[in-house]
file model.cif (mmCIF, C-alpha atoms)
data_data
loop_
_atom_site.label_atom_id
_atom_site.label_comp_id
_atom_site.auth_asym_id
_atom_site.auth_seq_id
_atom_site.Cartn_x
_atom_site.Cartn_y
_atom_site.Cartn_z
CA ASP W 1 39.84 16.61 101.21
CA GLY W 2 41.35 18.88 98.60
CA ILE W 3 38.11 19.46 96.69
CA ARG W 4 37.78 23.13 95.86
CA THR W 5 35.04 23.06 93.23
CA SER W 6 31.91 20.94 92.95
CA VAL W 7 29.24 20.63 90.27
CA VAL W 8 25.90 19.25 91.47
CA VAL W 9 23.27 18.15 88.95
CA ALA W 10 19.61 17.27 89.58
CA MET W 11 16.34 16.97 87.70
CA VAL W 12 13.92 19.33 89.47
CA ASN W 13 10.39 20.13 88.28
CA GLY W 14 11.10 19.46 84.61
CA SER W 15 14.48 21.20 84.54
CA ILE W 16 18.11 20.24 84.80
CA ASP W 17 19.37 22.20 87.79
CA ILE W 18 23.17 22.61 87.86
CA SER W 19 24.83 24.25 90.85
CA VAL W 20 28.52 25.07 90.98
CA ARG W 21 30.29 25.96 94.21
CA SER W 22 33.95 26.87 94.48
CA THR W 23 36.50 28.16 96.94
CA ASN W 24 38.94 28.59 94.04
CA SER W 25 39.22 32.36 93.64
CA SER W 26 40.59 32.00 90.10
CA LEU W 27 37.39 30.28 88.88
CA ASP W 28 34.57 32.63 87.91
CA VAL W 29 31.56 30.34 88.45
CA ASN W 30 29.25 32.70 86.53
CA GLU W 31 31.49 32.41 83.48
CA PHE W 32 31.81 28.68 84.08
CA VAL W 33 28.05 27.97 83.97
CA ARG W 34 27.46 30.34 81.05
CA LYS W 35 30.27 28.92 78.90
CA ALA W 36 29.84 25.28 79.86
CA PHE W 37 26.02 25.16 79.75
CA GLY W 38 24.95 28.22 77.77
CA VAL W 39 22.82 29.65 80.58
CA GLY W 40 23.23 30.67 84.16
CA GLY W 41 24.50 33.18 86.59
CA GLY W 42 25.15 33.49 90.28
CA LYS W 43 27.24 35.25 92.82
CA VAL W 44 30.82 35.02 94.04
CA GLY W 45 31.61 31.37 94.71
CA ALA W 46 28.21 30.09 93.53
CA GLY W 47 26.81 29.68 90.03
CA ARG W 48 23.63 28.08 88.74
CA ALA W 49 22.28 26.93 85.42
CA LEU W 50 18.62 25.96 85.04
CA ILE W 51 17.83 24.20 81.77
CA PRO W 52 14.14 23.42 81.11
CA VAL W 53 13.44 19.95 79.74
CA SER W 54 9.68 19.73 80.28
CA LEU W 55 9.43 17.61 77.13
CA PHE W 56 10.97 14.80 79.17
CA GLU W 57 8.55 14.88 82.12
CA ASN W 58 6.47 11.81 83.00
CA LEU W 59 8.60 9.32 81.11
CA PRO W 60 8.49 5.60 81.88
CA LYS W 61 11.04 4.64 84.56
CA GLU W 62 13.41 2.94 82.09
CA LEU W 63 13.57 6.00 79.83
CA SER W 64 13.96 8.33 82.83
CA VAL W 65 17.01 6.36 83.99
CA GLU W 66 18.48 6.37 80.49
CA LEU W 67 17.83 10.11 80.13
CA TRP W 68 19.45 10.84 83.51
CA ASP W 69 22.53 8.76 82.61
CA THR W 70 22.90 10.64 79.32
CA LEU W 71 22.38 14.08 80.90
CA TYR W 72 24.94 13.28 83.59
CA LYS W 73 27.51 12.30 80.95
CA ILE W 74 26.86 15.50 78.97
CA VAL W 75 27.18 17.76 82.04
CA LYS W 76 30.36 15.97 83.13
CA LEU W 77 31.87 16.26 79.64
CA LYS W 78 31.09 19.98 79.42
CA ALA W 79 32.36 20.72 82.93
CA LEU W 80 35.62 18.85 82.37
CA ALA W 81 36.08 20.44 78.93
CA PHE W 82 35.66 23.91 80.41
CA THR W 83 38.18 23.27 83.16
CA GLY W 84 40.62 21.51 80.82
CA ASP W 85 40.49 18.37 82.95
CA LYS W 86 40.91 15.19 80.91
CA ARG W 87 39.51 12.78 83.52
#
call {"tool": "encode", "arguments": {"input": "model.cif", "output": "structure tokens"}}
result
Amino acid sequence: DGIRTSVVVAMVNGSIDISVRSTNSSLDVNEFVRKAFGVGGGKVGAGRALIPVSLFENLPKELSVELWDTLYKIVKLKALAFTGDKR
């Protein structure tokens, strides 16, 4: 309830795949992904950033978990910084 914008992050085929969806007409998701993550594009209401990280493929489980935790924190920090949210 009340959620108008979501940022979904996944590791897919050696890339960080970030998808942004929004019903907030004042948020340009293309600008959001480009400014927050340096890459991306999309269409009205949907933006996507695909960041290759093939260097990190086939890591031991422990390092994969640690890498994911760190990537999640970075994406969250950048998304919140872009939106001005301090949570």
call {"tool": "resolve_selection", "arguments": {"input": "model.cif", "expression": "the PyMOL selection byres ((chain W and resi 39) around 10)", "output": "JSON, numbers by chain"}}
result
{"W": [30, 31, 32, 33, 34, 35, 36, 37, 38, 40, 41, 48, 49, 50, 51]}
call {"tool": "closest_residue", "arguments": {"input": "model.cif", "among": "W:Lys61, W:Ile18, W:Ser26, W:Asn13", "to": "W:Ile74", "atoms": "all atoms listed in the file"}}
result
W:Ile18
call {"tool": "resolve_selection", "arguments": {"input": "model.cif", "expression": "the PyMOL selection byres ((chain W and resi 54) around 12)", "output": "JSON, numbers by chain"}}
result
{"W": [11, 12, 13, 14, 15, 16, 50, 51, 52, 53, 55, 56, 57, 58, 59]}
call {"tool": "residues_around", "arguments": {"input": "model.cif", "residues": "W:Ile3", "least_positions_apart": "3", "cutoff": "9 Å", "atoms": "all atoms listed in the file", "output": "PDB file with C-alpha atoms, keeping the file's coordinate frame"}}
result
ATOM      1  CA  SER W   6      31.910  20.940  92.950  1.00  0.00           C
ATOM      2  CA  SER W  22      33.950  26.870  94.480  1.00  0.00           C
ATOM      3  CA  THR W  23      36.500  28.160  96.940  1.00  0.00           C
TER       4      THR W  23
END
call {"tool": "atom_distance", "arguments": {"input": "model.cif", "atom1": "atom CA of W:Leu67", "atom2": "atom CA of W:Asp17"}}
result
14.4 Å
call {"tool": "atom_distance", "arguments": {"input": "model.cif", "atom1": "atom CA of W:Gly84", "atom2": "atom CA of W:Arg4"}}
result
15.4 Å
call {"tool": "atom_distance", "arguments": {"input": "model.cif", "atom1": "atom CA of W:Glu62", "atom2": "atom CA of W:Lys78"}}
result
24.7 Å
call {"tool": "residues_around", "arguments": {"input": "model.cif", "residues": "W:Ser19", "least_positions_apart": "2", "cutoff": "6 Å", "atoms": "all atoms listed in the file", "output": "list in words"}}
result
Val7, Val8, Gly47 and Arg48 of chain W
call {"tool": "closest_residue", "arguments": {"input": "model.cif", "among": "W:Ala46, W:Leu71, W:Ala81, W:Val9", "to": "W:Leu27", "atoms": "all atoms listed in the file"}}
result
W:Ala46
call {"tool": "closest_residue", "arguments": {"input": "model.cif", "among": "W:Val20, W:Ala10, W:Ser25, W:Phe82", "to": "W:Trp68", "atoms": "only C-alpha atoms"}}
result
W:Ala10
